[in-house]
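Participant: What follows is model02.pdb; its format and atoms are PDB, C-alpha atoms.
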```
ATOM      1  CA  MET W  30      19.210  -7.154 -65.194
ATOM      2  CA  LYS W  31      17.347  -6.142 -62.083
ATOM      3  CA  LYS W  32      14.532  -8.562 -61.431
ATOM      4  CA  ARG W  33      14.825  -9.663 -57.844
ATOM      5  CA  SER W  34      12.529 -12.679 -57.706
ATOM      6  CA  LEU W  35      12.690 -15.866 -59.697
ATOM      7  CA  PRO W  36      10.217 -15.589 -62.567
ATOM      8  CA  THR W  37       6.849 -17.226 -62.902
ATOM      9  CA  LEU W  38       7.114 -19.769 -65.682
ATOM     10  CA  ILE W  39       4.929 -20.808 -68.567
ATOM     11  CA  VAL W  40       4.731 -24.501 -67.756
ATOM     12  CA  LEU W  41       4.011 -27.258 -70.206
ATOM     13  CA  PRO W  42       0.882 -29.251 -69.390
ATOM     14  CA  ALA W  43       1.697 -32.508 -67.653
ATOM     15  CA  ALA W  44       0.643 -34.549 -70.669
ATOM     16  CA  ALA W  45       2.920 -32.575 -72.959
ATOM     17  CA  ALA W  46       5.769 -32.969 -70.525
ATOM     18  CA  LEU W  47       5.321 -36.732 -70.582
ATOM     19  CA  VAL W  48       5.293 -36.803 -74.379
ATOM     20  CA  LEU W  49       8.483 -34.755 -74.551
ATOM     21  CA  SER W  50      10.258 -36.596 -71.774
ATOM     22  CA  GLY W  51      11.920 -38.901 -74.258
ATOM     23  CA  CYS W  52      14.050 -35.929 -75.332
ATOM     24  CA  ALA W  53      15.026 -35.053 -71.774
ATOM     25  CA  THR W  54      18.349 -36.138 -70.296
ATOM     26  CA  GLY W  55      19.626 -36.734 -66.774
ATOM     27  CA  ASP W  56      18.018 -38.520 -63.840
ATOM     28  CA  ALA W  57      15.027 -36.230 -63.363
ATOM     29  CA  GLY W  58      11.887 -38.312 -63.313
ATOM     30  CA  ALA W  59      13.662 -41.559 -62.485
ATOM     31  CA  THR W  60      11.154 -44.350 -61.984
ATOM     32  CA  GLY W  61      12.328 -45.287 -58.480
ATOM     33  CA  SER W  62      10.807 -43.413 -55.543
ATOM     34  CA  GLY W  63      10.366 -43.854 -51.827
ATOM     35  CA  SER W  64       6.698 -44.585 -52.273
ATOM     36  CA  ASP W  65       7.612 -47.392 -54.701
ATOM     37  CA  GLY W  66      10.328 -48.872 -52.531
ATOM     38  CA  GLY W  67      13.298 -47.156 -54.156
ATOM     39  CA  ALA W  68      15.090 -43.881 -53.401
ATOM     40  CA  ILE W  69      12.880 -40.992 -52.332
ATOM     41  CA  ALA W  70      12.451 -38.643 -55.303
ATOM     42  CA  VAL W  71      13.121 -35.081 -54.137
ATOM     43  CA  VAL W  72      12.867 -31.933 -56.245
ATOM     44  CA  THR W  73      14.243 -28.631 -54.939
ATOM     45  CA  SER W  74      14.101 -25.167 -56.446
ATOM     46  CA  THR W  75      17.855 -24.532 -56.115
ATOM     47  CA  ASN W  76      21.003 -26.480 -55.350
ATOM     48  CA  VAL W  77      21.140 -24.853 -51.899
ATOM     49  CA  TYR W  78      18.122 -26.879 -50.863
ATOM     50  CA  GLY W  79      19.248 -29.811 -52.982
ATOM     51  CA  ASP W  80      22.465 -30.062 -50.993
ATOM     52  CA  ILE W  81      20.654 -29.978 -47.657
ATOM     53  CA  ALA W  82      18.256 -32.658 -48.925
ATOM     54  CA  GLU W  83      21.204 -34.853 -49.911
ATOM     55  CA  THR W  84      22.823 -34.241 -46.521
ATOM     56  CA  VAL W  85      19.690 -35.398 -44.724
ATOM     57  CA  GLY W  86      18.731 -38.212 -47.103
ATOM     58  CA  GLY W  87      22.116 -39.527 -48.203
ATOM     59  CA  ASP W  88      21.909 -42.446 -50.625
ATOM     60  CA  LEU W  89      18.250 -42.909 -49.740
ATOM     61  CA  VAL W  90      17.163 -39.886 -51.788
ATOM     62  CA  ASP W  91      17.411 -39.001 -55.460
ATOM     63  CA  VAL W  92      17.574 -35.190 -55.639
ATOM     64  CA  THR W  93      16.862 -32.999 -58.644
ATOM     65  CA  SER W  94      17.728 -29.303 -58.183
ATOM     66  CA  ILE W  95      15.894 -27.162 -60.718
ATOM     67  CA  ILE W  96      18.569 -24.432 -60.656
ATOM     68  CA  SER W  97      22.030 -25.752 -59.926
ATOM     69  CA  ASP W  98      24.632 -24.063 -62.149
ATOM     70  CA  PRO W  99      26.311 -21.186 -60.254
ATOM     71  CA  SER W 100      26.901 -19.419 -63.573
ATOM     72  CA  GLN W 101      23.210 -19.678 -64.477
ATOM     73  CA  ASP W 102      21.135 -16.554 -64.016
ATOM     74  CA  PRO W 103      18.252 -17.692 -61.804
ATOM     75  CA  HIS W 104      16.185 -14.681 -62.832
ATOM     76  CA  SER W 105      15.930 -15.864 -66.444
ATOM     77  CA  TYR W 106      15.173 -19.519 -65.752
ATOM     78  CA  GLU W 107      12.738 -21.205 -68.130
ATOM     79  CA  ALA W 108      10.894 -24.440 -67.499
ATOM     80  CA  ASP W 109      11.419 -27.540 -69.593
ATOM     81  CA  ALA W 110       9.725 -30.899 -69.974
ATOM     82  CA  ARG W 111      12.413 -32.664 -67.916
ATOM     83  CA  THR W 112      11.813 -30.456 -64.896
ATOM     84  CA  GLN W 113       8.022 -30.694 -65.123
ATOM     85  CA  LEU W 114       8.281 -34.462 -65.302
ATOM     86  CA  ALA W 115      10.536 -34.548 -62.230
ATOM     87  CA  VAL W 116       7.997 -32.484 -60.275
ATOM     88  CA  SER W 117       5.145 -34.762 -61.334
ATOM     89  CA  LYS W 118       7.029 -37.834 -60.078
ATOM     90  CA  ALA W 119       8.450 -36.359 -56.856
ATOM     91  CA  ASP W 120       7.739 -37.681 -53.384
ATOM     92  CA  VAL W 121       8.928 -34.484 -51.683
ATOM     93  CA  ILE W 122       9.347 -30.975 -53.141
ATOM     94  CA  VAL W 123      11.332 -28.198 -51.461
ATOM     95  CA  GLU W 124      10.838 -24.545 -52.341
ATOM     96  CA  ASN W 125      12.100 -21.312 -50.831
ATOM     97  CA  GLY W 126       8.712 -19.591 -50.824
ATOM     98  CA  GLY W 127       8.077 -15.975 -49.942
ATOM     99  CA  GLY W 128       7.808 -15.051 -53.628
ATOM    100  CA  TYR W 129      11.361 -16.154 -54.400
ATOM    101  CA  ASP W 130      10.608 -19.185 -56.590
ATOM    102  CA  PRO W 131       6.938 -19.091 -57.611
ATOM    103  CA  PHE W 132       7.699 -21.279 -60.619
ATOM    104  CA  VAL W 133       7.713 -24.259 -58.237
ATOM    105  CA  ASP W 134       4.083 -23.694 -57.298
ATOM    106  CA  THR W 135       3.220 -23.211 -60.961
ATOM    107  CA  MET W 136       4.671 -26.615 -61.811
ATOM    108  CA  VAL W 137       3.159 -28.264 -58.735
ATOM    109  CA  ASP W 138      -0.299 -26.983 -59.655
ATOM    110  CA  ALA W 139       0.135 -28.049 -63.300
ATOM    111  CA  SER W 140       1.273 -31.556 -62.345
ATOM    112  CA  GLY W 141      -1.500 -32.320 -59.862
ATOM    113  CA  THR W 142       1.064 -34.039 -57.647
ATOM    114  CA  ASP W 143       0.174 -35.106 -54.116
ATOM    115  CA  ALA W 144       3.832 -34.821 -53.009
ATOM    116  CA  ALA W 145       4.614 -33.083 -49.740
ATOM    117  CA  VAL W 146       5.820 -29.525 -50.384
ATOM    118  CA  ILE W 147       8.220 -28.043 -47.847
ATOM    119  CA  ASN W 148       8.323 -24.250 -47.879
ATOM    120  CA  ALA W 149      11.556 -22.907 -46.342
ATOM    121  CA  VAL W 150      10.064 -19.513 -45.529
ATOM    122  CA  ASP W 151       7.212 -21.169 -43.667
ATOM    123  CA  VAL W 152       9.611 -23.403 -41.764
ATOM    124  CA  SER W 153      11.770 -20.406 -40.837
ATOM    125  CA  GLY W 154       8.925 -18.562 -39.127
ATOM    126  CA  LEU W 155      10.557 -15.315 -40.263
ATOM    127  CA  ASP W 156       7.741 -14.106 -42.497
ATOM    128  CA  PRO W 157       4.986 -12.284 -40.573
ATOM    129  CA  GLU W 158       2.590 -13.376 -43.334
ATOM    130  CA  VAL W 159       3.537 -17.050 -43.064
ATOM    131  CA  GLY W 160       0.704 -19.250 -44.289
ATOM    132  CA  HIS W 161      -0.421 -16.648 -46.837
ATOM    133  CA  ASP W 162       0.747 -18.662 -49.828
ATOM    134  CA  ASP W 163       1.312 -22.167 -48.509
ATOM    135  CA  HIS W 164       1.018 -25.231 -50.733
ATOM    136  CA  ASP W 165       0.709 -28.548 -48.903
ATOM    137  CA  HIS W 166      -0.128 -31.337 -51.325
ATOM    138  CA  GLY W 167       0.930 -34.224 -49.110
ATOM    139  CA  ASP W 168      -1.596 -35.992 -46.902
ATOM    140  CA  GLU W 169       1.134 -36.711 -44.354
ATOM    141  CA  ALA W 170       2.908 -33.363 -44.545
ATOM    142  CA  THR W 171       3.561 -31.796 -41.166
ATOM    143  CA  ASP W 172       2.547 -28.260 -40.324
ATOM    144  CA  ALA W 173       6.171 -27.446 -39.517
ATOM    145  CA  ALA W 174       7.323 -28.543 -42.923
ATOM    146  CA  SER W 175       4.808 -26.945 -45.240
ATOM    147  CA  GLY W 176       2.172 -25.020 -43.304
ATOM    148  CA  GLU W 177      -1.585 -25.371 -43.631
ATOM    149  CA  ALA W 178      -3.080 -26.023 -47.006
ATOM    150  CA  SER W 179      -4.895 -23.173 -48.674
ATOM    151  CA  ASP W 180      -7.437 -23.581 -51.439
ATOM    152  CA  ASP W 181      -6.892 -19.954 -52.403
ATOM    153  CA  ALA W 182      -3.120 -20.209 -52.825
ATOM    154  CA  THR W 183      -1.965 -19.275 -56.314
ATOM    155  CA  THR W 184       1.135 -17.842 -57.894
ATOM    156  CA  ASP W 185      -0.594 -14.458 -57.743
ATOM    157  CA  ASP W 186      -0.154 -14.604 -53.960
ATOM    158  CA  HIS W 187       3.594 -14.666 -54.533
ATOM    159  CA  ALA W 188       3.436 -11.784 -56.965
ATOM    160  CA  ASP W 189       1.595  -9.681 -54.405
ATOM    161  CA  HIS W 190       4.035 -10.492 -51.597
ATOM    162  CA  ASP W 191       5.626  -7.404 -50.044
ATOM    163  CA  HIS W 192       9.318  -8.031 -50.710
ATOM    164  CA  ALA W 193      10.303  -4.607 -49.381
ATOM    165  CA  ALA W 194       9.036  -5.591 -45.933
ATOM    166  CA  PHE W 195      10.369  -9.141 -45.884
ATOM    167  CA  ASN W 196      13.756 -10.566 -46.876
ATOM    168  CA  GLU W 197      12.882 -13.859 -48.548
ATOM    169  CA  HIS W 198      16.499 -15.063 -48.759
ATOM    170  CA  VAL W 199      16.082 -17.347 -45.747
ATOM    171  CA  PHE W 200      18.877 -19.651 -46.930
ATOM    172  CA  TYR W 201      21.249 -17.170 -45.252
ATOM    173  CA  SER W 202      19.462 -17.699 -41.928
ATOM    174  CA  LEU W 203      21.491 -20.403 -40.213
ATOM    175  CA  PRO W 204      18.889 -21.513 -37.632
ATOM    176  CA  SER W 205      16.252 -21.609 -40.364
ATOM    177  CA  MET W 206      18.317 -24.081 -42.365
ATOM    178  CA  ALA W 207      18.755 -26.291 -39.306
ATOM    179  CA  ALA W 208      14.974 -26.249 -38.889
ATOM    180  CA  LEU W 209      14.554 -27.006 -42.589
ATOM    181  CA  ALA W 210      16.780 -30.072 -42.278
ATOM    182  CA  THR W 211      14.556 -31.301 -39.449
ATOM    183  CA  ALA W 212      11.457 -30.724 -41.598
ATOM    184  CA  MET W 213      13.069 -32.681 -44.429
ATOM    185  CA  ALA W 214      13.892 -35.546 -42.071
ATOM    186  CA  ASP W 215      10.264 -35.640 -40.949
ATOM    187  CA  GLU W 216       8.964 -35.765 -44.531
ATOM    188  CA  PHE W 217      11.534 -38.314 -45.685
ATOM    189  CA  GLY W 218      10.612 -40.440 -42.681
ATOM    190  CA  ALA W 219       6.943 -40.218 -43.620
ATOM    191  CA  VAL W 220       7.789 -41.619 -47.060
ATOM    192  CA  ASP W 221      10.340 -44.179 -45.857
ATOM    193  CA  ALA W 222       9.512 -45.055 -42.247
ATOM    194  CA  ALA W 223      12.134 -47.813 -42.092
ATOM    195  CA  ASN W 224      14.898 -45.203 -42.394
ATOM    196  CA  ALA W 225      13.298 -42.432 -40.330
ATOM    197  CA  ASP W 226      15.938 -42.691 -37.612
ATOM    198  CA  THR W 227      18.708 -42.290 -40.186
ATOM    199  CA  PHE W 228      17.140 -39.124 -41.559
ATOM    200  CA  THR W 229      16.729 -37.723 -38.064
ATOM    201  CA  ALA W 230      20.340 -38.494 -37.153
ATOM    202  CA  ASN W 231      21.594 -36.858 -40.349
ATOM    203  CA  ALA W 232      19.526 -33.740 -39.685
ATOM    204  CA  GLU W 233      20.869 -33.560 -36.139
ATOM    205  CA  ALA W 234      24.461 -33.866 -37.393
ATOM    206  CA  PHE W 235      23.780 -31.058 -39.857
ATOM    207  CA  GLY W 236      22.301 -28.990 -37.026
ATOM    208  CA  THR W 237      25.490 -29.459 -35.006
ATOM    209  CA  LYS W 238      27.535 -28.020 -37.868
ATOM    210  CA  ILE W 239      25.109 -25.127 -38.184
ATOM    211  CA  ALA W 240      25.462 -24.442 -34.453
ATOM    212  CA  ASP W 241      29.220 -24.096 -34.958
ATOM    213  CA  LEU W 242      28.644 -21.541 -37.719
ATOM    214  CA  GLU W 243      26.247 -19.665 -35.436
ATOM    215  CA  ALA W 244      28.914 -19.572 -32.739
ATOM    216  CA  GLN W 245      31.348 -18.054 -35.207
ATOM    217  CA  ALA W 246      28.780 -15.423 -36.177
ATOM    218  CA  ALA W 247      28.326 -14.619 -32.481
ATOM    219  CA  SER W 248      32.092 -14.157 -32.133
ATOM    220  CA  ILE W 249      32.048 -11.664 -34.993
ATOM    221  CA  GLU W 250      29.196  -9.848 -33.270
ATOM    222  CA  ALA W 251      31.283  -9.615 -30.094
ATOM    223  CA  ALA W 252      34.170  -8.085 -32.020
ATOM    224  CA  HIS W 253      32.362  -6.013 -34.660
ATOM    225  CA  GLY W 254      28.747  -5.586 -33.552
ATOM    226  CA  GLY W 255      27.434  -2.180 -34.547
ATOM    227  CA  GLU W 256      29.718  -1.768 -37.552
ATOM    228  CA  SER W 257      28.025  -0.759 -40.775
ATOM    229  CA  VAL W 258      27.268  -2.807 -43.874
ATOM    230  CA  ALA W 259      25.569  -2.151 -47.176
ATOM    231  CA  TYR W 260      24.498  -4.525 -49.913
ATOM    232  CA  THR W 261      23.390  -4.349 -53.513
ATOM    233  CA  GLU W 262      20.446  -6.495 -52.428
ATOM    234  CA  PRO W 263      19.670  -8.079 -49.054
ATOM    235  CA  VAL W 264      20.693 -11.627 -49.945
ATOM    236  CA  PRO W 265      22.990 -12.081 -46.888
ATOM    237  CA  GLY W 266      20.864  -9.962 -44.578
ATOM    238  CA  TYR W 267      20.101 -12.685 -42.026
ATOM    239  CA  LEU W 268      23.773 -13.589 -41.684
ATOM    240  CA  PHE W 269      24.674  -9.933 -41.142
ATOM    241  CA  ASP W 270      21.924  -9.651 -38.542
ATOM    242  CA  ALA W 271      23.388 -12.623 -36.680
ATOM    243  CA  MET W 272      26.721 -10.785 -36.619
ATOM    244  CA  GLY W 273      25.188  -7.641 -35.166
ATOM    245  CA  LEU W 274      26.086  -5.588 -38.227
ATOM    246  CA  VAL W 275      23.999  -2.528 -39.027
ATOM    247  CA  ASN W 276      22.552  -2.124 -42.509
ATOM    248  CA  VAL W 277      22.991   1.454 -43.750
ATOM    249  CA  THR W 278      21.706   0.871 -47.270
ATOM    250  CA  PRO W 279      18.986   3.455 -47.987
ATOM    251  CA  ASP W 280      15.606   1.728 -47.838
ATOM    252  CA  ALA W 281      14.537   3.250 -51.152
ATOM    253  CA  PHE W 282      17.592   1.792 -52.883
ATOM    254  CA  SER W 283      16.999  -1.713 -51.505
ATOM    255  CA  GLU W 284      13.309  -1.558 -52.372
ATOM    256  CA  ALA W 285      13.960  -0.470 -55.955
ATOM    257  CA  ILE W 286      16.544  -3.191 -56.530
ATOM    258  CA  GLU W 287      14.323  -5.844 -54.940
ATOM    259  CA  GLU W 288      11.366  -4.874 -57.105
ATOM    260  CA  GLY W 289      13.437  -4.544 -60.281
ATOM    261  CA  ASP W 290      12.637  -0.840 -60.547
ATOM    262  CA  ASP W 291      14.900   1.988 -61.595
ATOM    263  CA  VAL W 292      16.681   3.734 -58.746
ATOM    264  CA  SER W 293      15.979   7.466 -58.738
ATOM    265  CA  PRO W 294      19.003   9.741 -59.171
ATOM    266  CA  ALA W 295      18.465  11.196 -55.694
ATOM    267  CA  VAL W 296      18.394   7.784 -54.038
ATOM    268  CA  LEU W 297      21.397   6.580 -56.018
ATOM    269  CA  ASN W 298      23.359   9.672 -55.023
ATOM    270  CA  GLU W 299      22.420   9.124 -51.379
ATOM    271  CA  THR W 300      23.661   5.546 -51.606
ATOM    272  CA  LEU W 301      26.931   6.493 -53.283
ATOM    273  CA  LYS W 302      27.492   9.303 -50.786
ATOM    274  CA  ALA W 303      27.436   6.787 -47.920
ATOM    275  CA  PHE W 304      30.664   5.375 -49.330
ATOM    276  CA  THR W 305      32.355   8.667 -50.144
ATOM    277  CA  ASP W 306      31.543   9.894 -46.631
ATOM    278  CA  GLY W 307      33.068   6.765 -45.069
ATOM    279  CA  GLN W 308      29.801   5.551 -43.539
ATOM    280  CA  VAL W 309      30.150   1.963 -44.771
ATOM    281  CA  ASP W 310      32.557  -0.613 -43.338
ATOM    282  CA  LEU W 311      31.613  -3.469 -45.660
ATOM    283  CA  LEU W 312      29.732  -3.959 -48.937
ATOM    284  CA  ALA W 313      28.152  -7.296 -49.874
ATOM    285  CA  TYR W 314      27.829  -7.607 -53.645
ATOM    286  CA  ASN W 315      25.641 -10.235 -55.295
ATOM    287  CA  GLU W 316      27.844 -11.794 -57.972
ATOM    288  CA  GLN W 317      24.965 -13.477 -59.799
ATOM    289  CA  THR W 318      22.910 -10.430 -60.710
ATOM    290  CA  SER W 319      23.843  -6.860 -61.454
ATOM    291  CA  SER W 320      22.541  -3.601 -62.871
ATOM    292  CA  PRO W 321      24.090  -0.254 -63.776
ATOM    293  CA  GLU W 322      23.127   1.032 -60.326
ATOM    294  CA  THR W 323      24.709  -1.855 -58.424
ATOM    295  CA  GLU W 324      27.837  -1.561 -60.545
ATOM    296  CA  GLN W 325      28.092   2.116 -59.573
ATOM    297  CA  VAL W 326      27.761   1.146 -55.921
ATOM    298  CA  GLU W 327      30.530  -1.421 -56.269
ATOM    299  CA  GLN W 328      32.761   1.176 -57.916
ATOM    300  CA  ALA W 329      32.024   3.696 -55.169
ATOM    301  CA  ALA W 330      33.042   1.124 -52.566
ATOM    302  CA  THR W 331      36.239   0.388 -54.455
ATOM    303  CA  ASP W 332      37.087   4.081 -54.759
ATOM    304  CA  ALA W 333      36.443   4.616 -51.038
ATOM    305  CA  GLY W 334      38.588   1.644 -50.031
ATOM    306  CA  THR W 335      35.575  -0.128 -48.525
ATOM    307  CA  ALA W 336      35.941  -3.883 -48.157
ATOM    308  CA  ILE W 337      33.789  -5.810 -50.627
ATOM    309  CA  VAL W 338      32.549  -9.351 -49.994
ATOM    310  CA  PRO W 339      30.938 -11.150 -52.944
ATOM    311  CA  VAL W 340      27.888 -13.278 -52.167
ATOM    312  CA  THR W 341      25.823 -15.701 -54.232
ATOM    313  CA  GLU W 342      22.345 -17.180 -54.186
ATOM    314  CA  LEU W 343      23.457 -20.621 -55.393
ATOM    315  CA  LEU W 344      26.127 -22.968 -54.122
ATOM    316  CA  PRO W 345      29.463 -22.341 -55.851
ATOM    317  CA  GLU W 346      30.933 -25.372 -57.593
ATOM    318  CA  GLY W 347      32.542 -27.788 -55.179
ATOM    319  CA  GLU W 348      30.852 -26.365 -52.084
ATOM    320  CA  ASP W 349      28.196 -27.814 -49.804
ATOM    321  CA  TYR W 350      25.926 -25.659 -47.668
ATOM    322  CA  VAL W 351      28.152 -25.695 -44.592
ATOM    323  CA  SER W 352      31.402 -25.023 -46.476
ATOM    324  CA  TRP W 353      29.661 -22.254 -48.452
ATOM    325  CA  GLN W 354      28.534 -20.440 -45.339
ATOM    326  CA  GLN W 355      31.897 -21.068 -43.709
ATOM    327  CA  SER W 356      33.512 -19.319 -46.678
ATOM    328  CA  ASN W 357      31.090 -16.407 -46.304
ATOM    329  CA  ILE W 358      31.820 -16.092 -42.587
ATOM    330  CA  ASP W 359      35.576 -16.260 -43.177
ATOM    331  CA  ALA W 360      35.392 -13.590 -45.889
ATOM    332  CA  ILE W 361      33.314 -11.259 -43.708
ATOM    333  CA  SER W 362      35.578 -11.786 -40.719
ATOM    334  CA  GLU W 363      38.674 -11.026 -42.796
ATOM    335  CA  ALA W 364      37.076  -7.937 -44.343
ATOM    336  CA  LEU W 365      36.029  -6.513 -40.977
ATOM    337  CA  GLY W 366      39.371  -7.326 -39.408
ATOM    338  CA  LYS W 367      41.227  -4.899 -41.649
TER     339      LYS W 367
END
```
Starting from the file, give its structure as structure tokens.

Facilitator:
Amino acid sequence: MKKRSLPTLIVLPAAAALVLSGCATGDAGATGSGSDGGAIAVVTSTNVYGDIAETVGGDLVDVTSIISDPSQDPHSYEADARTQLAVSKADVIVENGGGYDPFVDTMVDASGTDAAVINAVDVSGLDPEVGHDDHDHGDEATDAASGEASDDATTDDHADHDHAAFNEHVFYSLPSMAALATAMADEFGAVDAANADTFTANAEAFGTKIADLEAQAASIEAAHGGESVAYTEPVPGYLFDAMGLVNVTPDAFSEAIEEGDDVSPAVLNETLKAFTDGQVDLLAYNEQTSSPETEQVEQAATDAGTAIVPVTELLPEGEDYVSWQQSNIDAISEALGK
């Protein structure tokens, strides 16, 4: 399958979700929340953001990640009553934004929640159109965490977003995730002021670990800057940029894959030829989604003896955000060192 953005969902009305919640399992929609004196209820679009939220909030947050199974195809996710209920009862909601997970906004709008919504793309500052599709439902939400509210923001804004011009996979941008942790600490502190210092300290500790990863990326840049990389889709693009690696994937190929369109024979041949001509030092292959075209690219890399590094959009089982990115950095370093 070739859809590159998480799908807009047909969401159950809030009332229906409440009726069906008796059939739902798990801790989503737990009655305790920061606003009620219990754990802060946090809902995140994926387990990447769920892990960072747990790192910042510790035992003081109750996190529900909408997509958390690494074997689950995020591009075919369907909403259920349990998830809608969790969104309706959340104190803080974390989405990627940039058109990556528009189903979050769909559920937020359907629930009528006044929870603070933190948009990772907005926090990153990487999108030149930042603020175009912001959703800030919290009265105390900071501009850094979720941008300015927009009465015109709808899921159609996400659908119209120019993915070819902007790489929305900001979870591979190390400094952006450090900034996101700070934004989470601010929002958690707004809900639970008594523990604000704890959230801030946790975010700072996370930032220190991120700084170490950034230093490792800089070391790879010193040794391998200017070497060429290609990818089946630009999931790890920001990490490669930090390493000074040059993307040689034909723009038309990346655009077609991102938009879920067929790749023309001419563009596919151009992409495959880059491997047969020895122009590519490293291929990053998204393990979670594939298509006949990406499979041909992987085979071309194999035939050419090009190093292949698998990447994912969700946390692999047993990994946290820092260990996940450490594994990615180690794999890239080993591949380039050959």

Participant: CA of Asn196 (chain W) and CA of Glu284 (chain W), how far apart in Å?

Facilitator: 10.6 Å

Participant: Taking all atoms listed in the file into account, which of W:Ala225, W:Leu311, W:Ile69, W:Ala219 comes nearest Thr261 (chain W)?

Facilitator: W:Leu311

Participant: How far is it from CA of Val340 (chain W) to CA of Glu316 (chain W), in Å with one decimal?

Facilitator: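 Calculated distance between CA of Val340 (chain W) and CA of Glu316 (chain W) is 6.0 Å.
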
Participant: Dump as number ranges by chain all residues having an atom at most 7 Å from (19.2, 2.6, -53.0), computed in the file's coordinates with all atoms listed in the file.

Facilitator: W: 278-283, 285, 292, 296-297, 300

Participant: What's around Pro263 (chain W) at 9 Å? Count all atoms listed in the file, leave out sequence neighbours fewer than 3 positions away in its own chain, and write the answer as a VMD selection string.

Facilitator: chain W and resid 196 to 198 259 to 260 266 to 267 283 287 313 315

Participant: Please, could you write that set of residues out with C-alpha atoms as a JSON list (two decimals), in the frame of the given file?

Facilitator:
```json
[["chain", "number", "residue", "atom", "x", "y", "z"],
["W", 196, "ASN", "CA", 13.76, -10.57, -46.88],
["W", 197, "GLU", "CA", 12.88, -13.86, -48.55],
["W", 198, "HIS", "CA", 16.50, -15.06, -48.76],
["W", 259, "ALA", "CA", 25.57, -2.15, -47.18],
["W", 260, "TYR", "CA", 24.50, -4.53, -49.91],
["W", 266, "GLY", "CA", 20.86, -9.96, -44.58],
["W", 267, "TYR", "CA", 20.10, -12.68, -42.03],
["W", 283, "SER", "CA", 17.00, -1.71, -51.50],
["W", 287, "GLU", "CA", 14.32, -5.84, -54.94],
["W", 313, "ALA", "CA", 28.15, -7.30, -49.87],
["W", 315, "ASN", "CA", 25.64, -10.24, -55.30]]
```

Participant: So how many Å separate CA of Val275 (chain W) and CA of Gly254 (chain W), to one decimal?

Facilitator: 7.9 Å

Participant: Would you compute an axis-aligned box for region 290-299 of chain W, covering every atom listed for it in the file with 5 Å of margin on each side, and report centre and edge lengths in Å to one decimal as lines of an AutoDock Vina configuration file?

Facilitator:
```
center_x = 18.0
center_y = 5.2
center_z = -56.5
size_x = 20.7
size_y = 22.0
size_z = 20.2
```

Participant: Apply the PyMOL selection byres ((chain W and resi 364) around 12) to the structure shown and report the selected residues as a list in words.

Facilitator: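 Taken on the displayed file, the PyMOL selection byres ((chain W and resi 364) around 12) yields the residues Ile249, His253, Glu256, Val258, Asp310, Leu311, Leu312, Ala313, Gly334, Thr335, Ala336, Ile337, Val338, Pro339, Asn357, Ile358, Asp359, Ala360, Ile361, Ser362, Glu363, Leu365, Gly366 and Lys367 of chain W.
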
Participant: With C-alpha atoms retained, export the selected residues as a PDB file, in the frame of the given file.

Facilitator:
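Now in again_38.pdb:
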```pdb
ATOM      1  CA  ILE W 249      32.048 -11.664 -34.993  1.00  0.00           C
ATOM      2  CA  HIS W 253      32.362  -6.013 -34.660  1.00  0.00           C
ATOM      3  CA  GLU W 256      29.718  -1.768 -37.552  1.00  0.00           C
ATOM      4  CA  VAL W 258      27.268  -2.807 -43.874  1.00  0.00           C
ATOM      5  CA  ASP W 310      32.557  -0.613 -43.338  1.00  0.00           C
ATOM      6  CA  LEU W 311      31.613  -3.469 -45.660  1.00  0.00           C
ATOM      7  CA  LEU W 312      29.732  -3.959 -48.937  1.00  0.00           C
ATOM      8  CA  ALA W 313      28.152  -7.296 -49.874  1.00  0.00           C
ATOM      9  CA  GLY W 334      38.588   1.644 -50.031  1.00  0.00           C
ATOM     10  CA  THR W 335      35.575  -0.128 -48.525  1.00  0.00           C
ATOM     11  CA  ALA W 336      35.941  -3.883 -48.157  1.00  0.00           C
ATOM     12  CA  ILE W 337      33.789  -5.810 -50.627  1.00  0.00           C
ATOM     13  CA  VAL W 338      32.549  -9.351 -49.994  1.00  0.00           C
ATOM     14  CA  PRO W 339      30.938 -11.150 -52.944  1.00  0.00           C
ATOM     15  CA  ASN W 357      31.090 -16.407 -46.304  1.00  0.00           C
ATOM     16  CA  ILE W 358      31.820 -16.092 -42.587  1.00  0.00           C
ATOM     17  CA  ASP W 359      35.576 -16.260 -43.177  1.00  0.00           C
ATOM     18  CA  ALA W 360      35.392 -13.590 -45.889  1.00  0.00           C
ATOM     19  CA  ILE W 361      33.314 -11.259 -43.708  1.00  0.00           C
ATOM     20  CA  SER W 362      35.578 -11.786 -40.719  1.00  0.00           C
ATOM     21  CA  GLU W 363      38.674 -11.026 -42.796  1.00  0.00           C
ATOM     22  CA  LEU W 365      36.029  -6.513 -40.977  1.00  0.00           C
ATOM     23  CA  GLY W 366      39.371  -7.326 -39.408  1.00  0.00           C
ATOM     24  CA  LYS W 367      41.227  -4.899 -41.649  1.00  0.00           C
TER      25      LYS W 367
END
```

Participant: So which residues get picked by the PyMOL selection byres ((chain W and resi 92-96) around 7) here, written as number ranges by chain?

Facilitator: W: 57, 70-76, 79, 83, 90-91, 97-98, 103, 112

Participant: Next, write the just-selected residues to a file, as a short mmCIF file (atom, residue, chain, number, x, y, z; two decimals), in the frame of the given file, keeping C-alpha atoms as the atom set.

Facilitator:
```cif
data_model
loop_
_atom_site.label_atom_id
_atom_site.label_comp_id
_atom_site.auth_asym_id
_atom_site.auth_seq_id
_atom_site.Cartn_x
_atom_site.Cartn_y
_atom_site.Cartn_z
CA ALA W 57 15.03 -36.23 -63.36
CA ALA W 70 12.45 -38.64 -55.30
CA VAL W 71 13.12 -35.08 -54.14
CA VAL W 72 12.87 -31.93 -56.24
CA THR W 73 14.24 -28.63 -54.94
CA SER W 74 14.10 -25.17 -56.45
CA THR W 75 17.86 -24.53 -56.12
CA ASN W 76 21.00 -26.48 -55.35
CA GLY W 79 19.25 -29.81 -52.98
CA GLU W 83 21.20 -34.85 -49.91
CA VAL W 90 17.16 -39.89 -51.79
CA ASP W 91 17.41 -39.00 -55.46
CA SER W 97 22.03 -25.75 -59.93
CA ASP W 98 24.63 -24.06 -62.15
CA PRO W 103 18.25 -17.69 -61.80
CA THR W 112 11.81 -30.46 -64.90
#
```
